[in-house]
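Colleague: Take a look at protein.cif, mmCIF, C-alpha atoms:
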```cif
data_final
#
loop_
_atom_site.label_atom_id
_atom_site.label_comp_id
_atom_site.auth_asym_id
_atom_site.auth_seq_id
_atom_site.Cartn_x
_atom_site.Cartn_y
_atom_site.Cartn_z
CA MET A 1 0.00 0.00 0.00
CA THR A 2 1.44 3.38 -0.98
CA ALA A 3 0.88 6.12 1.57
CA PRO A 4 -0.27 9.50 0.31
CA ARG A 5 2.53 12.04 0.23
CA THR A 6 1.00 14.18 2.96
CA THR A 7 1.25 11.33 5.49
CA PRO A 8 4.32 11.63 7.74
CA ALA A 9 6.69 8.71 7.53
CA THR A 10 6.71 6.20 10.38
CA ALA A 11 10.19 5.48 11.71
CA PRO A 12 10.72 1.69 11.32
CA ALA A 13 12.17 1.52 14.82
CA TYR A 14 8.82 2.57 16.28
CA PRO A 15 6.68 -0.44 15.27
CA LEU A 16 9.81 -2.56 15.81
CA ARG A 17 9.97 -1.73 19.55
CA LEU A 18 6.25 -2.35 19.97
CA GLY A 19 6.65 -5.64 18.11
CA ASP A 20 9.62 -6.61 20.29
CA ASP A 21 7.53 -5.98 23.41
CA ALA A 22 4.79 -8.29 22.12
CA LEU A 23 7.19 -10.95 20.82
CA ILE A 24 9.25 -11.30 23.98
CA ALA A 25 6.14 -11.16 26.19
CA ALA A 26 4.70 -14.04 24.13
CA GLN A 27 7.92 -16.07 24.20
CA ARG A 28 8.23 -15.72 27.97
CA LEU A 29 4.57 -16.38 28.75
CA LEU A 30 4.46 -19.53 26.62
CA GLN A 31 6.88 -21.17 29.07
CA TRP A 32 3.71 -21.79 31.09
CA CYS A 33 2.42 -24.01 28.29
CA ALA A 34 1.77 -27.51 29.74
CA ARG A 35 2.74 -26.21 33.20
CA ALA A 36 -0.27 -24.08 34.20
CA PRO A 37 -2.16 -24.96 37.41
CA GLN A 38 -5.27 -26.10 35.50
CA LEU A 39 -6.03 -27.23 31.95
CA GLU A 40 -8.32 -24.21 31.35
CA GLU A 41 -5.54 -21.89 32.47
CA ASP A 42 -3.07 -23.61 30.19
CA VAL A 43 -5.40 -23.03 27.24
CA ALA A 44 -6.04 -19.43 28.30
CA LEU A 45 -2.35 -18.55 28.55
CA ALA A 46 -1.59 -20.25 25.23
CA ASN A 47 -4.40 -18.22 23.64
CA ILE A 48 -2.96 -15.00 25.04
CA CYS A 49 0.50 -15.96 23.75
CA LEU A 50 -0.99 -16.54 20.33
CA ASP A 51 -2.60 -13.09 20.31
CA LEU A 52 0.66 -11.46 21.41
CA LEU A 53 2.59 -13.39 18.78
CA GLY A 54 0.09 -12.30 16.13
CA GLN A 55 0.57 -8.67 17.15
CA ALA A 56 4.35 -9.14 17.04
CA ARG A 57 4.25 -10.68 13.56
CA ALA A 58 2.17 -7.82 12.16
CA LEU A 59 4.31 -5.15 13.83
CA LEU A 60 7.64 -6.70 12.81
CA THR A 61 6.40 -7.19 9.25
CA HIS A 62 5.36 -3.53 9.13
CA ALA A 63 8.73 -2.42 10.54
CA GLY A 64 10.57 -4.49 7.92
CA GLU A 65 8.47 -3.04 5.10
CA LEU A 66 9.02 0.52 6.31
CA GLU A 67 12.74 -0.12 6.56
CA GLY A 68 12.83 -1.39 2.98
CA ARG A 69 15.94 -3.51 3.38
CA GLY A 70 14.26 -6.82 2.79
CA ARG A 71 14.09 -7.92 6.42
CA ASP A 72 10.89 -9.85 7.07
CA GLU A 73 9.34 -10.90 10.40
CA ASP A 74 11.51 -14.02 10.65
CA THR A 75 14.74 -12.14 9.94
CA LEU A 76 13.89 -9.59 12.60
CA ALA A 77 12.82 -12.16 15.19
CA PHE A 78 15.45 -14.84 14.63
CA LEU A 79 18.55 -13.14 13.29
CA ARG A 80 19.02 -10.09 15.47
CA THR A 81 21.38 -10.20 18.42
CA GLU A 82 20.52 -9.48 22.04
CA GLN A 83 21.36 -5.77 22.00
CA GLU A 84 19.37 -5.18 18.81
CA PHE A 85 16.12 -5.96 20.64
CA THR A 86 14.37 -2.86 22.00
CA HIS A 87 11.63 -4.27 24.24
CA VAL A 88 11.26 -3.11 27.84
CA GLN A 89 12.90 -5.34 30.44
CA LEU A 90 9.53 -6.04 32.09
CA VAL A 91 8.53 -8.56 29.40
CA GLU A 92 11.77 -10.58 29.53
CA LEU A 93 11.83 -11.09 33.32
CA ASP A 94 11.53 -14.68 34.52
CA ASN A 95 7.98 -15.90 35.07
CA GLY A 96 8.59 -16.57 38.76
CA ASP A 97 5.55 -18.05 40.47
CA PHE A 98 2.05 -17.74 39.02
CA ALA A 99 1.45 -14.48 40.92
CA VAL A 100 4.53 -12.86 39.36
CA SER A 101 3.37 -13.95 35.90
CA MET A 102 -0.09 -12.47 36.50
CA ALA A 103 1.35 -9.19 37.82
CA LYS A 104 3.50 -8.91 34.68
CA LEU A 105 0.53 -9.75 32.46
CA LEU A 106 -1.73 -7.24 34.21
CA PHE A 107 0.78 -4.38 34.08
CA PHE A 108 1.88 -5.04 30.50
CA THR A 109 -1.46 -5.77 28.84
CA THR A 110 -3.14 -2.80 30.55
CA TYR A 111 -0.39 -0.65 29.04
CA GLN A 112 -0.94 -2.32 25.66
CA GLU A 113 -4.70 -1.82 25.77
CA LEU A 114 -4.29 1.91 26.45
CA LEU A 115 -1.51 2.19 23.85
CA TYR A 116 -3.43 0.41 21.09
CA GLY A 117 -6.56 2.41 21.91
CA ARG A 118 -4.64 5.61 21.16
CA LEU A 119 -2.65 4.20 18.21
CA ALA A 120 -5.93 3.38 16.47
CA ALA A 121 -5.88 7.09 15.57
CA SER A 122 -2.30 6.97 14.22
CA THR A 123 -1.65 8.85 10.97
CA ASP A 124 0.02 5.63 9.76
CA PRO A 125 -2.98 3.70 8.33
CA ALA A 126 -1.32 0.29 8.73
CA LEU A 127 -0.44 0.96 12.37
CA ALA A 128 -3.92 2.34 13.04
CA ALA A 129 -5.57 -0.77 11.58
CA LEU A 130 -3.36 -3.14 13.61
CA ALA A 131 -4.01 -1.20 16.79
CA ALA A 132 -7.77 -1.14 16.24
CA LYS A 133 -7.64 -4.94 15.94
CA ALA A 134 -5.24 -5.54 18.83
CA VAL A 135 -7.09 -3.37 21.35
CA LYS A 136 -10.03 -5.78 21.35
CA GLU A 137 -7.69 -8.70 22.08
CA SER A 138 -5.96 -6.75 24.86
CA ALA A 139 -9.29 -6.20 26.61
CA TYR A 140 -9.57 -9.98 27.08
CA HIS A 141 -5.98 -10.20 28.35
CA THR A 142 -6.39 -7.47 30.96
CA GLY A 143 -9.68 -8.98 32.09
CA HIS A 144 -8.01 -12.34 32.62
CA ALA A 145 -5.00 -10.94 34.49
CA ALA A 146 -7.19 -8.67 36.64
CA ALA A 147 -9.47 -11.57 37.59
CA TRP A 148 -6.49 -13.63 38.81
CA THR A 149 -4.98 -10.65 40.64
CA VAL A 150 -8.24 -10.19 42.55
CA ARG A 151 -8.68 -13.91 43.20
CA LEU A 152 -5.16 -14.31 44.56
CA GLY A 153 -4.97 -10.95 46.37
CA ASP A 154 -8.35 -11.44 48.03
CA GLY A 155 -7.77 -15.15 48.59
CA THR A 156 -5.89 -16.97 51.33
CA GLU A 157 -3.23 -15.44 53.53
CA GLU A 158 -0.57 -17.22 51.46
CA SER A 159 -1.97 -16.17 48.06
CA HIS A 160 -2.40 -12.57 49.28
CA HIS A 161 1.18 -12.46 50.49
CA ARG A 162 2.54 -13.87 47.23
CA MET A 163 0.42 -11.58 45.03
CA GLN A 164 1.59 -8.52 46.99
CA HIS A 165 5.18 -9.70 46.70
CA ALA A 166 4.71 -10.11 42.93
CA VAL A 167 3.25 -6.62 42.54
CA ASP A 168 6.09 -5.10 44.58
CA THR A 169 8.75 -7.03 42.63
CA ILE A 170 7.48 -6.11 39.16
CA TRP A 171 6.38 -2.52 39.86
CA PRO A 172 9.81 -0.85 39.31
CA TYR A 173 10.01 -2.32 35.79
CA THR A 174 6.72 -0.71 34.74
CA HIS A 175 8.24 2.78 34.71
CA ALA A 176 10.17 2.06 31.49
CA LEU A 177 6.85 1.53 29.67
CA PHE A 178 6.02 5.19 30.20
CA THR A 179 9.45 6.79 29.79
CA PRO A 180 9.63 8.47 26.37
CA ASP A 181 12.85 8.76 24.39
CA ALA A 182 13.64 10.72 21.23
CA LEU A 183 11.94 8.11 19.01
CA ASP A 184 8.68 8.24 21.00
CA ARG A 185 8.72 12.04 20.99
CA ALA A 186 9.29 12.19 17.23
CA ALA A 187 6.53 9.63 16.59
CA ALA A 188 4.15 11.60 18.83
CA ALA A 189 5.09 14.87 17.13
CA ASN A 190 4.30 13.63 13.61
CA GLY A 191 1.16 11.77 14.65
CA THR A 192 2.35 8.25 13.80
CA GLY A 193 2.84 7.31 17.47
CA ILE A 194 2.11 8.56 20.96
CA ASP A 195 4.08 9.80 23.95
CA PRO A 196 3.87 6.85 26.40
CA ALA A 197 4.09 9.21 29.40
CA THR A 198 0.56 10.37 28.57
CA LEU A 199 -0.74 6.81 29.18
CA ARG A 200 0.47 6.56 32.75
CA PRO A 201 -2.28 8.49 34.62
CA LEU A 202 -5.02 6.25 33.22
CA TRP A 203 -2.84 3.14 33.64
CA HIS A 204 -2.19 4.03 37.29
CA GLU A 205 -5.89 4.65 37.87
CA ARG A 206 -6.93 1.31 36.40
CA ILE A 207 -4.19 -0.67 38.15
CA THR A 208 -5.01 1.04 41.45
CA ARG A 209 -8.66 0.07 41.08
CA THR A 210 -7.75 -3.60 40.49
CA LEU A 211 -5.19 -3.74 43.31
CA LYS A 212 -7.67 -2.13 45.75
CA GLU A 213 -10.33 -4.68 44.79
CA ALA A 214 -7.69 -7.35 45.39
CA THR A 215 -7.03 -5.90 48.88
CA LEU A 216 -3.45 -5.19 47.78
CA THR A 217 -1.30 -2.13 48.41
CA VAL A 218 -0.23 0.05 45.47
CA PRO A 219 3.58 0.29 45.67
CA ASP A 220 5.34 3.64 45.97
CA ASP A 221 7.31 4.79 42.95
CA GLY A 222 11.03 4.48 43.55
CA TRP A 223 13.72 2.58 41.67
CA ALA A 224 13.03 2.71 37.94
CA PRO A 225 15.35 0.42 35.95
CA GLY A 226 15.49 1.20 32.22
CA GLY A 227 17.62 0.60 29.17
CA GLY A 228 15.53 -1.96 27.28
CA ARG A 229 14.63 0.54 24.57
CA GLN A 230 18.36 1.09 24.02
CA GLY A 231 19.12 -2.63 23.85
CA ILE A 232 20.28 -3.09 27.42
CA HIS A 233 18.73 -6.23 28.88
CA THR A 234 18.78 -8.35 32.01
CA GLU A 235 20.62 -11.65 32.25
CA ALA A 236 17.33 -13.51 31.81
CA PHE A 237 16.95 -12.32 28.22
CA GLY A 238 20.05 -14.03 26.82
CA TYR A 239 18.77 -17.48 27.78
CA LEU A 240 15.30 -16.76 26.41
CA LEU A 241 16.64 -15.44 23.10
CA THR A 242 19.04 -18.36 22.63
CA GLU A 243 16.19 -20.84 23.01
CA MET A 244 13.91 -18.82 20.72
CA GLN A 245 16.49 -18.55 17.92
CA ALA A 246 18.28 -21.91 18.21
CA LEU A 247 16.25 -23.78 15.61
CA HIS A 248 16.29 -21.01 13.02
CA ARG A 249 20.01 -20.44 13.41
CA ALA A 250 20.82 -24.15 13.21
CA HIS A 251 18.52 -24.73 10.23
CA PRO A 252 18.14 -21.42 8.35
CA GLY A 253 14.85 -21.24 6.48
CA ALA A 254 13.55 -24.47 8.06
CA ARG A 255 9.87 -25.19 7.35
CA TRP A 256 7.40 -27.56 8.92
CA MET B 1 -6.78 -0.98 -2.22
CA THR B 2 -10.32 -0.29 -1.04
CA ALA B 3 -11.51 -0.78 2.52
CA PRO B 4 -14.88 -2.51 2.40
CA THR B 5 -17.17 -2.26 5.41
CA GLY B 6 -19.36 -5.23 4.56
CA PRO B 7 -19.75 -7.84 1.84
CA THR B 8 -19.08 -5.92 -1.35
CA ALA B 9 -20.08 -6.24 -4.96
CA PRO B 10 -17.31 -7.67 -7.11
CA THR B 11 -15.31 -5.23 -9.16
CA GLY B 12 -12.70 -5.50 -11.87
CA THR B 13 -12.60 -5.62 -15.62
CA ASP B 14 -15.32 -8.22 -15.77
CA GLY B 15 -17.80 -8.15 -12.89
CA ARG B 16 -19.40 -11.44 -13.92
CA ASP B 17 -16.10 -13.35 -13.84
CA ALA B 18 -15.32 -11.88 -10.43
CA ALA B 19 -18.80 -12.80 -9.20
CA ARG B 20 -18.34 -16.39 -10.41
CA LEU B 21 -14.96 -16.62 -8.72
CA ARG B 22 -16.41 -15.18 -5.53
CA GLU B 23 -19.11 -17.87 -5.58
CA ALA B 24 -16.38 -20.52 -5.89
CA LEU B 25 -14.33 -19.03 -3.04
CA ALA B 26 -17.43 -18.68 -0.88
CA THR B 27 -17.48 -22.49 -0.60
CA VAL B 28 -14.16 -22.52 1.30
CA HIS B 29 -14.88 -23.57 4.87
CA ASP B 30 -13.18 -22.18 7.94
CA PRO B 31 -10.83 -24.96 9.15
CA GLU B 32 -11.71 -24.39 12.82
CA ILE B 33 -15.43 -23.62 12.56
CA ARG B 34 -16.21 -26.10 9.83
CA VAL B 35 -19.95 -25.32 9.62
CA LEU B 36 -19.23 -21.81 8.30
CA THR B 37 -17.52 -20.61 5.15
CA ILE B 38 -14.99 -17.80 5.03
CA GLU B 39 -17.72 -15.76 3.30
CA GLU B 40 -20.19 -16.31 6.16
CA LEU B 41 -17.55 -15.41 8.75
CA GLY B 42 -16.71 -12.21 6.90
CA ILE B 43 -13.08 -13.20 6.26
CA LEU B 44 -13.49 -12.99 2.46
CA ARG B 45 -13.65 -9.24 1.76
CA GLN B 46 -13.03 -8.59 -1.91
CA VAL B 47 -12.60 -10.61 -5.11
CA ASP B 48 -11.29 -8.89 -8.24
CA ILE B 49 -10.02 -10.00 -11.63
CA THR B 50 -7.05 -7.89 -12.75
CA PRO B 51 -6.89 -6.55 -16.35
CA ASP B 52 -4.45 -9.36 -17.22
CA GLY B 53 -6.95 -11.95 -15.99
CA ARG B 54 -5.50 -12.83 -12.59
CA ALA B 55 -7.45 -13.28 -9.39
CA HIS B 56 -6.84 -10.72 -6.67
CA ILE B 57 -8.40 -11.67 -3.35
CA THR B 58 -8.54 -9.62 -0.15
CA ILE B 59 -9.12 -11.22 3.23
CA THR B 60 -9.38 -9.96 6.82
CA PRO B 61 -8.33 -12.44 9.52
CA THR B 62 -10.47 -12.75 12.63
CA TYR B 63 -7.59 -12.39 15.12
CA LEU B 64 -4.03 -11.11 14.59
CA GLY B 65 -2.64 -14.46 15.71
CA CYS B 66 -5.27 -16.71 14.15
CA PRO B 67 -3.36 -19.94 13.41
CA ALA B 68 -5.86 -20.99 10.73
CA MET B 69 -4.82 -18.26 8.29
CA ASP B 70 -2.15 -20.28 6.48
CA THR B 71 -4.65 -23.09 5.90
CA ILE B 72 -7.29 -20.61 4.77
CA ARG B 73 -4.87 -19.02 2.27
CA ALA B 74 -3.93 -22.45 0.92
CA ASP B 75 -7.61 -23.42 0.60
CA ILE B 76 -8.40 -20.14 -1.21
CA ARG B 77 -5.52 -20.76 -3.65
CA ALA B 78 -6.79 -24.28 -4.31
CA ALA B 79 -10.37 -23.05 -4.89
CA ALA B 80 -9.13 -20.28 -7.20
CA ARG B 81 -7.02 -22.79 -9.13
CA ALA B 82 -10.02 -25.09 -9.52
CA ALA B 83 -12.04 -22.12 -10.80
CA GLY B 84 -9.40 -21.44 -13.47
CA TYR B 85 -7.18 -18.89 -11.72
CA PRO B 86 -3.84 -20.56 -10.98
CA GLN B 87 -2.07 -17.25 -10.28
CA ALA B 88 -4.17 -15.83 -7.46
CA THR B 89 -2.70 -13.15 -5.21
CA ILE B 90 -4.07 -12.86 -1.69
CA ASP B 91 -3.83 -9.59 0.21
CA THR B 92 -4.46 -9.32 3.93
CA THR B 93 -6.07 -6.15 5.21
CA TRP B 94 -6.69 -5.29 8.87
CA SER B 95 -8.89 -2.31 8.16
CA PRO B 96 -11.70 -2.23 8.98
CA PRO B 97 -10.96 -4.70 11.80
CA TRP B 98 -12.89 -7.98 11.70
CA THR B 99 -15.91 -8.09 13.96
CA THR B 100 -18.46 -10.76 14.85
CA ARG B 101 -21.10 -8.28 13.63
CA TRP B 102 -20.19 -9.49 10.11
CA ILE B 103 -21.64 -12.93 10.92
CA GLY B 104 -25.16 -12.85 9.50
CA ALA B 105 -28.40 -14.32 10.85
CA ALA B 106 -28.29 -17.48 8.69
CA ALA B 107 -24.71 -18.19 9.78
CA ARG B 108 -25.68 -17.70 13.43
CA ASP B 109 -28.42 -20.31 12.94
CA LYS B 110 -25.85 -22.71 11.48
CA LEU B 111 -23.61 -22.21 14.50
CA ARG B 112 -26.49 -22.89 16.88
CA ALA B 113 -27.45 -26.02 14.92
CA ALA B 114 -23.85 -27.24 15.31
CA GLY B 115 -24.01 -26.78 19.10
CA ILE B 116 -22.01 -23.54 19.14
CA ALA B 117 -23.59 -20.47 20.75
CA PRO B 118 -23.30 -17.54 18.32
CA PRO B 119 -21.98 -14.16 19.46
CA ALA B 120 -24.48 -11.74 20.97
CA PRO B 121 -25.53 -8.74 18.91
CA ALA B 122 -23.16 -5.76 19.01
CA PRO B 123 -22.65 -4.24 22.49
CA PRO B 124 -23.54 -0.56 22.95
CA PRO B 125 -20.69 1.80 22.00
CA GLY B 126 -18.23 2.39 24.80
CA ALA B 127 -19.21 -0.78 26.70
CA ARG B 128 -16.26 -2.55 28.33
CA LEU B 129 -15.75 -6.17 29.25
CA LEU B 130 -15.81 -6.83 32.95
CA PRO B 131 -13.61 -9.58 34.42
CA LEU B 132 -15.45 -12.90 34.27
CA ALA B 133 -18.77 -11.21 33.57
CA ALA B 134 -19.60 -11.42 29.88
CA THR B 135 -23.10 -11.48 28.42
CA ALA B 136 -24.51 -14.97 28.98
CA PRO B 137 -25.43 -16.82 25.78
CA ARG B 138 -28.39 -19.18 25.67
CA CYS B 139 -27.57 -22.89 25.56
CA PRO B 140 -27.43 -23.88 21.86
CA LEU B 141 -28.51 -27.43 22.74
CA CYS B 142 -31.61 -26.92 24.92
CA GLY B 143 -32.17 -23.16 24.68
CA ALA B 144 -31.97 -22.55 28.45
CA ALA B 145 -30.76 -19.17 29.72
CA ASP B 146 -28.97 -20.30 32.91
CA THR B 147 -25.48 -20.77 31.53
CA THR B 148 -22.07 -20.28 33.15
CA GLU B 149 -18.74 -19.33 31.64
CA LEU B 150 -16.14 -22.02 32.36
CA THR B 151 -13.23 -20.28 30.63
CA ARG B 152 -13.07 -17.24 28.42
CA PHE B 153 -10.26 -18.77 26.35
CA GLY B 154 -11.58 -21.89 24.64
CA SER B 155 -10.63 -24.38 21.95
CA THR B 156 -9.79 -21.63 19.45
CA ALA B 157 -8.91 -17.93 19.76
CA CYS B 158 -12.45 -16.89 18.83
CA LYS B 159 -14.35 -19.17 21.26
CA ALA B 160 -15.05 -19.39 25.00
CA LEU B 161 -16.23 -22.51 26.87
CA TRP B 162 -19.58 -22.40 28.67
CA ARG B 163 -21.84 -24.89 30.47
CA CYS B 164 -25.62 -25.10 30.59
CA GLY B 165 -27.19 -25.24 34.06
CA THR B 166 -30.33 -26.96 32.74
CA CYS B 167 -29.08 -29.75 30.46
CA GLY B 168 -25.62 -29.81 32.04
CA GLU B 169 -23.79 -29.89 28.69
CA PRO B 170 -20.68 -27.83 28.00
CA PHE B 171 -20.68 -25.81 24.76
CA ASP B 172 -18.50 -23.46 22.72
CA HIS B 173 -19.47 -19.81 22.40
CA VAL B 174 -18.12 -17.53 19.66
CA LYS B 175 -16.94 -14.48 21.63
CA GLU B 176 -18.25 -11.04 20.80
CA HIS B 177 -15.42 -9.23 19.12
#
```
Show this structure as structure tokens.

Modeller:
Amino acid sequence: MTAPRTTPATAPAYPLRLGDDALIAAQRLLQWCARAPQLEEDVALANICLDLLGQARALLTHAGELEGRGRDEDTLAFLRTEQEFTHVQLVELDNGDFAVSMAKLLFFTTYQELLYGRLAASTDPALAALAAKAVKESAYHTGHAAAWTVRLGDGTEESHHRMQHAVDTIWPYTHALFTPDALDRAAAANGTGIDPATLRPLWHERITRTLKEATLTVPDDGWAPGGGRQGIHTEAFGYLLTEMQALHRAHPGARW
Amino acid sequence: MTAPTGPTAPTGTDGRDAARLREALATVHDPEIRVLTIEELGILRQVDITPDGRAHITITPTYLGCPAMDTIRADIRAAARAAGYPQATIDTTWSPPWTTRWIGAAARDKLRAAGIAPPAPAPPPGARLLPLAATAPRCPLCGAADTTELTRFGSTACKALWRCGTCGEPFDHVKEH
């Protein structure tokens, strides 16, 4: 599709970072596959992974087309090195116990739902169409994560304690979702993207509502690790990426 | 590329050829909901014949990560080949986004007859999903209204699993989307 000349150009790195967020979140979450506490939960998490992977494929494909150097979704997912990935560290963190996984899912998919809701009005028609589709999927993801957060937080003494610990552990990593850099600011300025800082008030309001319902305490803002957008990742990411890319690197172009 | 909002009339250099091809493609069944065709689900958006006589088909997947899309594309290619168009190109468009509102009344009846509860009519604008509190579908087997959601994420991305309180049977429900 050829964009009209009046449309500002989308920087390829912009959909790429959003695609990296979705891809690595999917890859990490699918480690629950065949390990979830119940069969229904196993199916639910696999479904969510599939949605996230679908978002990642569309976003990486779009980034590759914008870039115009012939890199498709597979090249971008399987042949980049660790420091070329620009997702936030939140999505690569180990799954921990089920409470940690649900805290990550709640924080991340609530961000995604708000992000996609706004990106549906992007001046980039392809990005707008993807976002309008993805926002409906995200609503199911946040509903699922919120339901578990409430069930565990307002459950037994043990589940409450572990859910609070999960929220406290993951909270610092959420700040990077809302910290704009030059790329975000440029995308917001030309209408192709949005400034993520503008999402935080509504995100905080929604998360606070869920945590209160779950009888949990909203953590104070303090330590705010960052660097994911610049390719700086935690130790956990190297292991995840190696496993994700091993087959493709050993057998380039392998097909089922 | 045009962005159709509902089933559209065929276009192209020869409308009748495109209409015939569309009829042929409309027989392709969804691999996961086998009682419905891709036409009835609203996945098949546009069928054109290019000036040099090639088929140009536009589809809109139901979900971004729908794993059935590769099979659907292969089935469309096979149907186009059988209809005399070996060189079909298939475009995917996400705009307007797929919605269960595109599933018509006859298709909803087919779903019900197959034991699958169809999606409810469109929710009012601005309505949001509440955790574990979706609109309850009627049981497609006995018609009872006292049904319970077992899991919102069912056998495929587009379905949830429910159970009837009257006949006790579990059933699939195509989620409103």

Colleague: With all atoms listed in the file counted and 8 Å as the cut-off, give the residues of chain A in contact with chain B, each with its shortest interatomic distance in Å and the pair that gives it, as a Markdown table.

Modeller:
```
| residue | atom | partner | partner_atom | distance |
| --- | --- | --- | --- | --- |
| A:Met1 | CA | B:Met1 | CA | 7.2 |
| A:Glu40 | CA | B:Thr151 | CA | 6.3 |
| A:Val43 | CA | B:Phe153 | CA | 6.5 |
| A:Ala44 | CA | B:Phe153 | CA | 4.7 |
| A:Asn47 | CA | B:Ala157 | CA | 6.0 |
| A:Leu50 | CA | B:Gly65 | CA | 5.3 |
| A:Asp51 | CA | B:Gly65 | CA | 4.8 |
| A:Leu52 | CA | B:Gly65 | CA | 7.2 |
| A:Leu53 | CA | B:Gly65 | CA | 6.2 |
| A:Gly54 | CA | B:Gly65 | CA | 3.5 |
| A:Gln55 | CA | B:Leu64 | CA | 5.8 |
| A:Ala58 | CA | B:Leu64 | CA | 7.4 |
| A:Ala126 | CA | B:Trp94 | CA | 7.7 |
| A:Ala129 | CA | B:Ser95 | CA | 5.0 |
| A:Leu130 | CA | B:Trp94 | CA | 6.2 |
| A:Ala132 | CA | B:Pro97 | CA | 6.5 |
| A:Lys133 | CA | B:Pro97 | CA | 5.3 |
| A:Ala134 | CA | B:Leu64 | CA | 7.1 |
| A:Lys136 | CA | B:His177 | CA | 6.8 |
| A:Glu137 | CA | B:Tyr63 | CA | 7.9 |
| A:Ala139 | CA | B:Leu129 | CA | 7.0 |
| A:Tyr140 | CA | B:Leu129 | CA | 7.6 |
| A:Gly143 | CA | B:Pro131 | CA | 4.6 |
| A:His144 | CA | B:Pro131 | CA | 6.5 |
| A:Ala146 | CA | B:Pro131 | CA | 6.9 |
| A:Ala147 | CA | B:Pro131 | CA | 5.6 |
```

Colleague: Near Ala176 (chain A), counting only C-alpha atoms, which residues have an atom at most 8 Å away, once you skip same-chain residues fewer than 4 positions from it, shown as a ChimeraX atom specification?

Modeller: /A:88-89,224-228

Colleague: Rank B:Ala26, B:Val35, B:Ile76, B:Ala88 by their smallest atom-to-atom distance to Ile49 (chain B), using only C-alpha atoms, and report the top residue only.

Modeller: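 Once distances to Ile49 (chain B) are computed over only C-alpha atoms, the minimum belongs to B:Ala88.
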
Colleague: Run the PyMOL selection byres ((chain B and resi 170) around 12) mentally over the shown coordinates, then write out the matched residues as a list of chain:residue names, using the chain letters and numbers from the document.

Modeller: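 Applying the expression gives B:Gly115, B:Ile116, B:Ala117, B:Arg138, B:Cys139, B:Pro140, B:Leu141, B:Cys142, B:Thr147, B:Thr148, B:Glu149, B:Leu150, B:Thr151, B:Gly154, B:Ala160, B:Leu161, B:Trp162, B:Arg163, B:Cys164, B:Gly165, B:Thr166, B:Cys167, B:Gly168, B:Glu169, B:Phe171, B:Asp172, B:His173.
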
Colleague: If the PyMOL selection byres ((chain A and resi 91) around 12) is run on the structure shown, which residues does it catch, given as an MDAnalysis selection string?

Modeller: chainID A and resid 18:29 52 85:90 92:95 100:109 111:112 170 173:174 176:177 228:229 233:234 236:237 240
